[in-house]
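Chemist: Could you have a look at this structure, given as structure tokens, before my questions?
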Amino acid sequence: MTSLPVERHLLRARDLADRSYAEPIGVADMAAAAGLSPGHFTRAFRDAFGVSPHGHLLTRRLERAAALLRNTDHRVADVCMEVGLASVGSFTTSFTRMFGRTPTAYREAMAVPRAFGLPNCVVRREARPVHRTFREDPADPPR
């Protein structure tokens, strides 16, 4: 009997983050889902997906927050809690880094009159994150 490759275990953890982003899960929970120690899991996850487990989970939460800001009139604090984040200040900082504007400014910029009826693909294209990293320092341009 052969054991499953580590990538299959990592997919379980990634699926947990994608499915349960609104729950109070963290890297330890994702590592447990993969059946790996947190340290080994973090290294393997980064190697496999190019982002840390925490970064992946935060990205899922912020993408869902952006959708809620576009499609609901929930308060920013409520959106923050709905996507599994506890600090509105940290949420605003992370959201601004990813989308290039505060949640309130994002909502105002993405407001589309309901009668206008833009196709979802156009709304999603315009709503894409400006930055795909949470690093504050600019990356070197590709050569």
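Residue names in the structure tokens use chain letters A, B, ... in the order shown, residue numbers from 1 in each chain, and ligand numbers from 1 in the order shown.
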As a ChimeraX atom specification, please: the residues near range 34-49 of chain A (cut-off 12 Å, only C-alpha atoms, same-chain neighbours under 6 positions excluded).
Modeler: /A:4-17,26-28,55-57
Chemist: Please save N, CA and C atoms of the selected residues as a PDB file, in the first residue's frame.
Modeler:
ATOM      1  N   LEU A   4      -0.201   8.576   0.098  1.00  0.00           N
ATOM      2  CA  LEU A   4      -0.526   9.670  -0.823  1.00  0.00           C
ATOM      3  C   LEU A   4       0.617  10.669  -0.862  1.00  0.00           C
ATOM      4  N   PRO A   5       0.849  11.263  -2.025  1.00  0.00           N
ATOM      5  CA  PRO A   5       1.884  12.302  -2.080  1.00  0.00           C
ATOM      6  C   PRO A   5       1.490  13.499  -1.216  1.00  0.00           C
ATOM      7  N   VAL A   6       2.489  14.227  -0.750  1.00  0.00           N
ATOM      8  CA  VAL A   6       2.250  15.346   0.157  1.00  0.00           C
ATOM      9  C   VAL A   6       1.342  16.397  -0.495  1.00  0.00           C
ATOM     10  N   GLU A   7       1.399  16.525  -1.815  1.00  0.00           N
ATOM     11  CA  GLU A   7       0.560  17.514  -2.500  1.00  0.00           C
ATOM     12  C   GLU A   7      -0.925  17.253  -2.270  1.00  0.00           C
ATOM     13  N   ARG A   8      -1.316  15.978  -2.216  1.00  0.00           N
ATOM     14  CA  ARG A   8      -2.726  15.650  -1.957  1.00  0.00           C
ATOM     15  C   ARG A   8      -3.148  16.127  -0.577  1.00  0.00           C
ATOM     16  N   HIS A   9      -2.253  15.989   0.381  1.00  0.00           N
ATOM     17  CA  HIS A   9      -2.538  16.460   1.740  1.00  0.00           C
ATOM     18  C   HIS A   9      -2.631  17.989   1.761  1.00  0.00           C
ATOM     19  N   LEU A  10      -1.772  18.632   1.000  1.00  0.00           N
ATOM     20  CA  LEU A  10      -1.806  20.094   0.929  1.00  0.00           C
ATOM     21  C   LEU A  10      -3.102  20.580   0.293  1.00  0.00           C
ATOM     22  N   LEU A  11      -3.605  19.854  -0.682  1.00  0.00           N
ATOM     23  CA  LEU A  11      -4.882  20.223  -1.302  1.00  0.00           C
ATOM     24  C   LEU A  11      -6.025  20.155  -0.290  1.00  0.00           C
ATOM     25  N   ARG A  12      -5.969  19.186   0.604  1.00  0.00           N
ATOM     26  CA  ARG A  12      -6.991  19.105   1.665  1.00  0.00           C
ATOM     27  C   ARG A  12      -6.977  20.373   2.517  1.00  0.00           C
ATOM     28  N   ALA A  13      -5.776  20.805   2.868  1.00  0.00           N
ATOM     29  CA  ALA A  13      -5.647  22.009   3.688  1.00  0.00           C
ATOM     30  C   ALA A  13      -6.110  23.239   2.921  1.00  0.00           C
ATOM     31  N   ARG A  14      -5.731  23.339   1.650  1.00  0.00           N
ATOM     32  CA  ARG A  14      -6.163  24.493   0.845  1.00  0.00           C
ATOM     33  C   ARG A  14      -7.677  24.495   0.688  1.00  0.00           C
ATOM     34  N   ASP A  15      -8.256  23.315   0.481  1.00  0.00           N
ATOM     35  CA  ASP A  15      -9.711  23.222   0.372  1.00  0.00           C
ATOM     36  C   ASP A  15     -10.391  23.635   1.673  1.00  0.00           C
ATOM     37  N   LEU A  16      -9.795  23.279   2.797  1.00  0.00           N
ATOM     38  CA  LEU A  16     -10.336  23.707   4.096  1.00  0.00           C
ATOM     39  C   LEU A  16     -10.364  25.226   4.177  1.00  0.00           C
ATOM     40  N   ALA A  17      -9.278  25.871   3.782  1.00  0.00           N
ATOM     41  CA  ALA A  17      -9.218  27.338   3.821  1.00  0.00           C
ATOM     42  C   ALA A  17     -10.238  27.947   2.866  1.00  0.00           C
ATOM     43  N   GLY A  26      -6.818  28.639  11.450  1.00  0.00           N
ATOM     44  CA  GLY A  26      -5.485  29.196  11.286  1.00  0.00           C
ATOM     45  C   GLY A  26      -4.567  28.158  10.665  1.00  0.00           C
ATOM     46  N   VAL A  27      -3.298  28.465  10.639  1.00  0.00           N
ATOM     47  CA  VAL A  27      -2.309  27.583  10.033  1.00  0.00           C
ATOM     48  C   VAL A  27      -2.282  26.234  10.743  1.00  0.00           C
ATOM     49  N   ALA A  28      -2.411  26.218  12.054  1.00  0.00           N
ATOM     50  CA  ALA A  28      -2.394  24.947  12.796  1.00  0.00           C
ATOM     51  C   ALA A  28      -3.553  24.048  12.361  1.00  0.00           C
ATOM     52  N   GLY A  55      -1.157  33.574   4.080  1.00  0.00           N
ATOM     53  CA  GLY A  55      -1.407  34.450   2.939  1.00  0.00           C
ATOM     54  C   GLY A  55      -2.554  33.952   2.080  1.00  0.00           C
ATOM     55  N   HIS A  56      -2.627  32.643   1.876  1.00  0.00           N
ATOM     56  CA  HIS A  56      -3.725  32.068   1.092  1.00  0.00           C
ATOM     57  C   HIS A  56      -5.063  32.287   1.784  1.00  0.00           C
ATOM     58  N   LEU A  57      -5.095  32.008   3.077  1.00  0.00           N
ATOM     59  CA  LEU A  57      -6.329  32.185   3.842  1.00  0.00           C
ATOM     60  C   LEU A  57      -6.763  33.648   3.844  1.00  0.00           C
TER      61      LEU A  57
END
Chemist: For the helix (DSSP H, G or I) assignment from backbone DSSP, which residues of range 29-137 of chain A qualify? Please present them as a ChimeraX atom specification.
Modeler: /A:29-34,38-49,53-71,76-82,88-99,103-110,120-127
Chemist: Choose the residue, out of A:Glu82, A:Val122, A:Ala33, A:Val88, that has the smallest atom-to-atom separation from Arg61 in chain A; count only C-alpha atoms.
Modeler: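 Distance minimum relative to Arg61 in chain A lands on A:Glu82.
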Chemist: Here is a test: counting only C-alpha atoms, which residue of A:Arg70, A:Arg128, A:His54, A:Arg60 is nearest to Arg19 in chain A?
Modeler: A:Arg60
Chemist: Could you tell me how far CA of Thr93 in chain A lies from CA of Met30 in chain A, in Å and to one decimal?
Modeler: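 CA of Met30 in chain A lies at a distance of 24.1 Å from CA of Thr93 in chain A.
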